[in-house]
file final26.cif (mmCIF, C-alpha atoms)
data_upload
loop_
_atom_site.label_atom_id
_atom_site.label_comp_id
_atom_site.auth_asym_id
_atom_site.auth_seq_id
_atom_site.Cartn_x
_atom_site.Cartn_y
_atom_site.Cartn_z
CA MET A 1 43.70 163.90 95.35
CA ASN A 2 44.93 167.39 94.60
CA PRO A 3 48.06 168.22 96.62
CA LYS A 4 46.45 171.55 97.53
CA GLU A 5 43.70 169.63 99.34
CA ILE A 6 46.24 168.39 101.89
CA LYS A 7 46.05 170.68 104.90
CA LYS A 8 46.65 168.32 107.82
CA ILE A 9 49.47 165.79 108.22
CA THR A 10 49.80 163.21 110.97
CA VAL A 11 53.14 161.67 111.89
CA LEU A 12 52.96 158.35 113.74
CA GLY A 13 55.85 157.92 116.17
CA SER A 14 57.66 160.68 118.08
CA GLY A 15 61.13 159.12 118.18
CA SER A 16 64.38 160.30 116.62
CA MET A 17 62.76 160.53 113.16
CA GLY A 18 59.11 161.24 113.89
CA HIS A 19 59.35 164.43 115.93
CA GLN A 20 61.68 166.05 113.40
CA ILE A 21 59.51 165.01 110.44
CA GLY A 22 56.58 166.54 112.30
CA MET A 23 58.40 169.84 112.72
CA LEU A 24 59.32 169.84 109.01
CA CYS A 25 55.64 169.50 108.17
CA ALA A 26 54.68 172.30 110.55
CA LEU A 27 57.38 174.54 109.10
CA GLY A 28 56.01 173.70 105.67
CA GLY A 29 52.64 175.15 106.63
CA TYR A 30 50.73 171.97 107.42
CA GLU A 31 48.55 171.54 110.49
CA THR A 32 50.56 168.72 112.02
CA THR A 33 49.83 166.08 114.64
CA ILE A 34 52.55 163.91 116.14
CA GLN A 35 51.13 160.71 117.65
CA ASP A 36 52.78 158.27 120.01
CA ILE A 37 51.24 155.75 122.40
CA ASN A 38 53.76 156.82 125.05
CA GLU A 39 53.03 160.14 126.77
CA ALA A 40 56.61 160.31 128.10
CA ALA A 41 57.91 159.96 124.55
CA LEU A 42 55.74 162.87 123.43
CA HIS A 43 57.05 164.99 126.29
CA ASP A 44 60.62 164.10 125.28
CA ALA A 45 59.82 165.01 121.66
CA ARG A 46 58.55 168.45 122.73
CA GLU A 47 61.68 169.08 124.77
CA LYS A 48 64.00 168.03 121.94
CA LEU A 49 62.19 170.14 119.37
CA ASN A 50 62.24 173.13 121.69
CA ALA A 51 66.01 172.77 122.15
CA ILE A 52 66.69 172.35 118.41
CA MET A 53 64.46 175.20 117.28
CA THR A 54 65.73 177.56 119.96
CA LYS A 55 69.24 177.03 118.59
CA TRP A 56 67.96 177.67 115.06
CA VAL A 57 66.52 181.01 116.13
CA LYS A 58 69.73 181.99 117.91
CA LYS A 59 71.78 181.08 114.83
CA GLY A 60 69.45 183.01 112.55
CA LYS A 61 68.29 179.96 110.58
CA ILE A 62 64.68 180.95 111.19
CA THR A 63 62.95 183.90 112.79
CA GLU A 64 61.13 183.85 116.11
CA GLU A 65 57.91 184.59 114.20
CA THR A 66 58.44 181.58 111.89
CA LEU A 67 58.99 179.32 114.88
CA GLU A 68 55.92 180.63 116.68
CA SER A 69 53.82 180.12 113.57
CA ALA A 70 55.08 176.55 113.06
CA SER A 71 54.63 175.70 116.75
CA SER A 72 51.02 176.91 116.62
CA ARG A 73 50.39 174.33 113.87
CA LEU A 74 51.95 171.47 115.85
CA GLN A 75 50.07 169.30 118.31
CA PHE A 76 50.64 166.00 120.07
CA THR A 77 48.36 163.10 120.99
CA THR A 78 48.48 159.53 122.28
CA SER A 79 45.29 158.63 120.42
CA LEU A 80 45.89 156.78 117.15
CA GLU A 81 42.25 157.13 116.15
CA GLU A 82 42.20 160.88 116.78
CA ALA A 83 45.43 161.35 114.83
CA ALA A 84 44.23 159.30 111.86
CA VAL A 85 40.74 160.78 111.67
CA ARG A 86 41.99 164.36 111.43
CA ALA A 87 44.66 163.65 108.76
CA ASP A 88 44.73 164.29 105.02
CA PHE A 89 48.14 162.57 104.74
CA ILE A 90 49.80 160.18 107.22
CA ILE A 91 53.52 159.49 107.65
CA GLU A 92 54.42 156.45 109.75
CA ALA A 93 57.75 156.65 111.58
CA ILE A 94 57.60 153.91 114.19
CA VAL A 95 60.08 151.12 114.95
CA GLU A 96 61.67 149.36 111.95
CA LYS A 97 59.75 146.11 112.41
CA LEU A 98 57.39 144.79 109.74
CA ASP A 99 54.84 143.30 112.15
CA ALA A 100 54.55 146.57 114.08
CA LYS A 101 54.08 148.60 110.91
CA ARG A 102 51.46 146.21 109.53
CA GLU A 103 49.54 146.38 112.80
CA VAL A 104 49.49 150.19 112.76
CA PHE A 105 48.52 150.41 109.07
CA GLU A 106 45.67 147.96 109.58
CA LYS A 107 44.30 150.15 112.38
CA ILE A 108 44.61 153.50 110.65
CA ASP A 109 43.05 152.06 107.50
CA VAL A 110 39.84 151.81 109.51
CA TYR A 111 40.10 155.27 111.05
CA ALA A 112 41.32 157.42 108.15
CA ALA A 113 39.21 158.71 105.27
CA PRO A 114 39.36 156.53 102.12
CA ASP A 115 41.37 159.05 100.06
CA VAL A 116 44.12 159.57 102.67
CA ILE A 117 47.64 158.55 101.57
CA PHE A 118 49.74 156.46 103.96
CA ALA A 119 53.52 156.93 103.70
CA THR A 120 55.99 154.76 105.60
CA ASN A 121 59.34 156.20 106.61
CA SER A 122 60.84 152.71 106.65
CA SER A 123 64.51 152.73 105.71
CA THR A 124 64.40 149.30 104.10
CA ILE A 125 60.93 147.68 104.14
CA VAL A 126 59.14 147.96 100.79
CA ASN A 127 55.62 149.34 101.09
CA SER A 128 53.97 146.38 99.34
CA LEU A 129 54.75 144.24 102.41
CA ILE A 130 52.72 146.68 104.50
CA ALA A 131 50.00 147.68 102.03
CA SER A 132 48.45 144.21 101.95
CA VAL A 133 46.75 144.78 105.34
CA THR A 134 44.90 147.85 103.99
CA ASN A 135 42.11 148.44 101.51
CA ARG A 136 44.07 151.21 99.77
CA LYS A 137 47.12 149.59 98.17
CA ASP A 138 47.20 152.34 95.55
CA LYS A 139 47.59 154.97 98.27
CA ILE A 140 50.54 153.39 100.09
CA VAL A 141 54.06 154.72 99.42
CA ASN A 142 57.53 154.84 100.96
CA MET A 143 58.68 158.28 102.08
CA HIS A 144 62.17 157.59 103.41
CA PHE A 145 63.67 160.53 105.28
CA PHE A 146 67.29 160.49 106.41
CA PHE A 147 68.60 161.15 109.90
CA PRO A 148 68.39 163.82 111.13
CA PRO A 149 65.37 164.92 109.04
CA LEU A 150 65.68 168.59 110.00
CA VAL A 151 69.17 168.62 108.48
CA MET A 152 69.20 166.02 105.71
CA ASP A 153 67.62 167.21 102.47
CA CYS A 154 66.87 163.99 100.54
CA VAL A 155 63.67 161.90 100.72
CA GLU A 156 63.37 158.63 98.78
CA VAL A 157 59.79 158.30 97.50
CA VAL A 158 59.26 154.68 96.43
CA LYS A 159 56.40 153.19 94.42
CA SER A 160 55.27 149.59 94.50
CA ASP A 161 53.46 148.00 91.56
CA ASP A 162 50.20 149.03 93.24
CA THR A 163 51.13 152.61 94.18
CA SER A 164 49.28 155.00 91.88
CA GLU A 165 50.93 157.78 89.92
CA GLU A 166 48.64 160.21 91.74
CA THR A 167 49.90 158.99 95.13
CA ALA A 168 53.51 159.34 94.02
CA ASN A 169 52.92 162.82 92.60
CA VAL A 170 51.14 164.05 95.72
CA THR A 171 53.93 162.69 97.91
CA MET A 172 56.53 164.46 95.79
CA GLU A 173 54.53 167.69 96.19
CA VAL A 174 54.54 167.23 99.97
CA CYS A 175 58.34 166.85 99.86
CA ASP A 176 58.58 170.08 97.93
CA ARG A 177 56.36 171.98 100.34
CA ILE A 178 58.38 170.89 103.39
CA ASN A 179 61.54 172.00 101.56
CA ARG A 180 62.98 168.55 100.94
CA THR A 181 64.31 167.07 97.69
CA GLY A 182 62.12 164.12 96.83
CA VAL A 183 63.63 161.48 94.55
CA LEU A 184 61.10 159.11 92.98
CA LEU A 185 61.99 155.42 92.66
CA LYS A 186 59.48 153.79 90.33
CA LYS A 187 60.40 150.24 91.30
CA GLU A 188 60.75 149.02 94.87
CA ILE A 189 63.69 147.08 96.27
CA SER A 190 64.57 146.38 99.89
CA GLY A 191 66.85 149.12 101.24
CA PHE A 192 66.12 151.41 98.26
CA VAL A 193 69.20 153.26 96.94
CA ALA A 194 71.06 155.06 99.71
CA ASN A 195 70.90 152.29 102.29
CA ARG A 196 71.89 149.60 99.82
CA ILE A 197 75.04 151.57 98.99
CA LEU A 198 75.60 152.44 102.64
CA GLY A 199 74.95 148.83 103.66
CA ALA A 200 77.63 147.58 101.28
CA LEU A 201 80.12 150.00 102.86
CA GLN A 202 79.11 149.01 106.37
CA LYS A 203 79.28 145.29 105.58
CA GLU A 204 82.83 145.64 104.26
CA ALA A 205 83.83 147.78 107.26
CA MET A 206 82.48 145.11 109.64
CA TYR A 207 84.34 142.40 107.74
CA LEU A 208 87.63 144.30 107.98
CA TYR A 209 87.07 144.89 111.69
CA GLU A 210 86.01 141.35 112.63
CA GLU A 211 88.85 139.84 110.60
CA GLY A 212 91.32 141.96 112.58
CA ILE A 213 92.53 143.90 109.55
CA ALA A 214 92.05 147.23 111.30
CA ASP A 215 90.46 148.65 114.42
CA PHE A 216 87.09 150.37 113.97
CA GLU A 217 88.63 153.75 114.86
CA ASP A 218 91.22 153.42 112.13
CA ILE A 219 88.63 152.29 109.58
CA ASP A 220 86.65 155.44 110.37
CA LEU A 221 89.83 157.52 110.13
CA ILE A 222 90.68 156.13 106.70
CA CYS A 223 87.15 156.77 105.42
CA ARG A 224 87.32 160.36 106.63
CA LYS A 225 90.85 161.15 105.49
CA ALA A 226 91.22 159.05 102.34
CA LEU A 227 87.64 158.96 101.04
CA ASN A 228 86.63 162.38 102.37
CA HIS A 229 83.55 160.99 104.11
CA PRO A 230 82.21 163.40 106.76
CA ILE A 231 82.12 160.56 109.30
CA GLY A 232 83.20 156.92 109.23
CA PRO A 233 80.86 153.90 109.05
CA PHE A 234 81.16 153.10 112.76
CA GLU A 235 80.55 156.72 113.74
CA LEU A 236 77.52 156.70 111.46
CA MET A 237 76.16 153.55 113.11
CA ASP A 238 76.46 155.28 116.47
CA LEU A 239 74.74 158.38 115.15
CA SER A 240 71.81 156.54 113.56
CA GLY A 241 71.46 153.98 116.33
CA ILE A 242 73.03 150.53 116.18
CA ASP A 243 69.64 148.95 116.88
CA VAL A 244 68.16 150.69 113.82
CA GLY A 245 70.80 149.13 111.58
CA TYR A 246 70.31 145.79 113.29
CA TYR A 247 66.58 145.74 112.55
CA VAL A 248 67.23 146.76 108.95
CA MET A 249 69.66 143.88 108.44
CA GLN A 250 67.38 141.42 110.24
CA GLN A 251 64.47 142.43 108.01
CA ARG A 252 66.63 142.04 104.89
CA TYR A 253 67.66 138.57 106.06
CA ASN A 254 64.02 137.63 106.73
CA GLU A 255 63.19 138.61 103.16
CA THR A 256 66.15 136.98 101.39
CA GLY A 257 67.16 134.10 103.65
CA ASN A 258 70.75 134.89 102.64
CA PRO A 259 73.13 134.42 105.62
CA GLU A 260 75.25 137.29 104.26
CA ASP A 261 72.37 139.65 105.06
CA LYS A 262 72.25 138.72 108.75
CA PRO A 263 73.51 141.28 111.28
CA SER A 264 77.15 140.69 112.19
CA HIS A 265 78.08 139.10 115.50
CA SER A 266 79.56 142.36 116.81
CA ILE A 267 76.41 144.35 116.05
CA GLU A 268 74.19 141.69 117.62
CA GLU A 269 76.32 141.80 120.77
CA LYS A 270 75.93 145.57 121.08
CA VAL A 271 72.16 145.40 120.64
CA LYS A 272 71.87 142.72 123.33
CA ALA A 273 74.08 144.81 125.63
CA GLY A 274 72.01 147.95 125.00
CA THR A 275 75.04 149.96 123.84
CA LEU A 276 73.28 151.50 120.86
CA GLY A 277 75.38 154.58 120.10
CA ARG A 278 75.00 158.24 120.93
CA LYS A 279 71.48 157.86 122.30
CA THR A 280 72.68 155.50 125.04
CA GLY A 281 76.02 157.24 125.61
CA LYS A 282 78.01 154.30 124.31
CA GLY A 283 78.18 152.28 121.10
CA TRP A 284 81.33 151.74 119.13
CA TYR A 285 82.57 154.86 120.88
CA ASP A 286 82.16 155.91 124.50
CA TYR A 287 80.58 159.36 124.37
CA THR A 288 80.79 159.81 128.13
CA LYS A 289 84.58 159.94 127.71
CA SER A 290 84.71 161.96 124.46
CA GLN A 291 86.48 159.04 122.77
CA VAL A 292 85.62 159.97 119.17
CA LYS A 293 88.62 161.16 117.16
CA ASN A 294 88.55 164.40 115.21
#
call {"tool": "encode", "arguments": {"input": "final26.cif", "output": "structure tokens"}}
result
Amino acid sequence: MNPKEIKKITVLGSGSMGHQIGMLCALGGYETTIQDINEAALHDAREKLNAIMTKWVKKGKITEETLESASSRLQFTTSLEEAAVRADFIIEAIVEKLDAKREVFEKIDVYAAPDVIFATNSSTIVNSLIASVTNRKDKIVNMHFFFPPLVMDCVEVVKSDDTSEETANVTMEVCDRINRTGVLLKKEISGFVANRILGALQKEAMYLYEEGIADFEDIDLICRKALNHPIGPFELMDLSGIDVGYYVMQQRYNETGNPEDKPSHSIEEKVKAGTLGRKTGKGWYDYTKSQVKN
């Protein structure tokens, strides 16, 4: 497929990643459809995008005309079939659970045209574990955006042994058109590059906290002041969503069987309690009380 033949992109999932990826595609000139089975989630996505883009216009990041043009290219639907049929390129951004992703890919494989590329935004799951339910293993690729996609520039594009060079090249071209730096990884590994490095930092931070070496606030403070990190590991967990990290670690453990890859006790407790970070108002920090240190 010639990258110039891609005119329409569908993003599956309208959550914290999906709606922003959709707007990136619309800003990049693609006719874009954001699909979610939940109508309320789509409504929430519209509201969030409206708030974000209104601020961008006020700050002069984009013009009113640019926003109007992008918005005219953006549509929403609850129909998976409709979204898949109309797409030239599909980006999946649903929950970080292998079974859920495999189920969606199996369905869209039936609906989408044979030459359509399927990209998964998974932050840790290698695409070969998903591709096996399709009849287009050569057209499956990882396209890992970072949170929040409208701010973070990097996209990890990851090939499996079956992913074709053409698929990888087209995906890199899509990254370029939506003004994101694509970095091609020619060999897949769970967690890719950024999250493996980040995971090692988080694992050590959790160890220090659970062993009583230092409080989580002080660990964050040291990372900010001594290592010059913009935010600490616990603040980052709250920002990304503690449940997201939990599912990533659980998936890694399912793949390796290594007890060291299991989510820590403290993280599991927070997921069970529903205190997932900023999106719930409380995680490691209580955002209703402005607890986070500056």
call {"tool": "atom_distance", "arguments": {"input": "final26.cif", "atom1": "CA of His43 in chain A", "atom2": "CA of Gln75 in chain A"}}
result
11.4 Å
call {"tool": "resolve_selection", "arguments": {"input": "final26.cif", "expression": "the PyMOL selection byres ((chain A and resi 238-246) around 6)", "output": "PyMOL selection string"}}
result
chain A and resi 235-237+247-249+263+271+276-278+283
call {"tool": "resolve_selection", "arguments": {"input": "final26.cif", "expression": "the PyMOL selection byres ((chain A and resi 191) around 12)", "output": "NGL selection string"}}
result
:A and (96 or 121-127 or 142 or 144 or 156 or 158 or 185 or 187-190 or 192-200 or 245 or 247-253 or 255 or 261)
call {"tool": "residues_near_point", "arguments": {"input": "final26.cif", "point": "(84.2, 158.9, 109.4)", "cutoff": "12 Å", "atoms": "all atoms listed in the file", "output": "ChimeraX atom specification"}}
result
/A:201-202,205,216-239,292-294
call {"tool": "resolve_selection", "arguments": {"input": "final26.cif", "expression": "the PyMOL selection byres ((chain A and resi 17-26) around 8)", "output": "ChimeraX atom specification"}}
result
/A:9-16,27-34,45-46,49,70-71,73-74,92-94,145,147-150,178
call {"tool": "residues_around", "arguments": {"input": "final26.cif", "residues": "Glu103 in chain A", "least_positions_apart": "6", "cutoff": "12 Å", "atoms": "only C-alpha atoms", "output": "mmCIF file with C-alpha atoms, in the coordinates of the input"}}
result
data_model
loop_
_atom_site.group_PDB
_atom_site.id
_atom_site.type_symbol
_atom_site.label_atom_id
_atom_site.label_comp_id
_atom_site.auth_asym_id
_atom_site.auth_seq_id
_atom_site.Cartn_x
_atom_site.Cartn_y
_atom_site.Cartn_z
ATOM 1 C CA LEU A 80 45.890 156.780 117.150
ATOM 2 C CA GLU A 92 54.420 156.450 109.750
ATOM 3 C CA ILE A 94 57.600 153.910 114.190
ATOM 4 C CA VAL A 95 60.080 151.120 114.950
ATOM 5 C CA LYS A 97 59.750 146.110 112.410
ATOM 6 C CA ASP A 109 43.050 152.060 107.500
ATOM 7 C CA VAL A 110 39.840 151.810 109.510
ATOM 8 C CA LEU A 129 54.750 144.240 102.410
ATOM 9 C CA ILE A 130 52.720 146.680 104.500
ATOM 10 C CA ALA A 131 50.000 147.680 102.030
ATOM 11 C CA SER A 132 48.450 144.210 101.950
ATOM 12 C CA VAL A 133 46.750 144.780 105.340
ATOM 13 C CA THR A 134 44.900 147.850 103.990
#
call {"tool": "residues_around", "arguments": {"input": "final26.cif", "residues": "Thr171 in chain A", "least_positions_apart": "5", "cutoff": "12 Å", "atoms": "all atoms listed in the file", "output": "PyMOL selection string"}}
result
chain A and resi 1-4+6+9+88-91+116-120+139-144+155-159+163-166+176-178+180-184
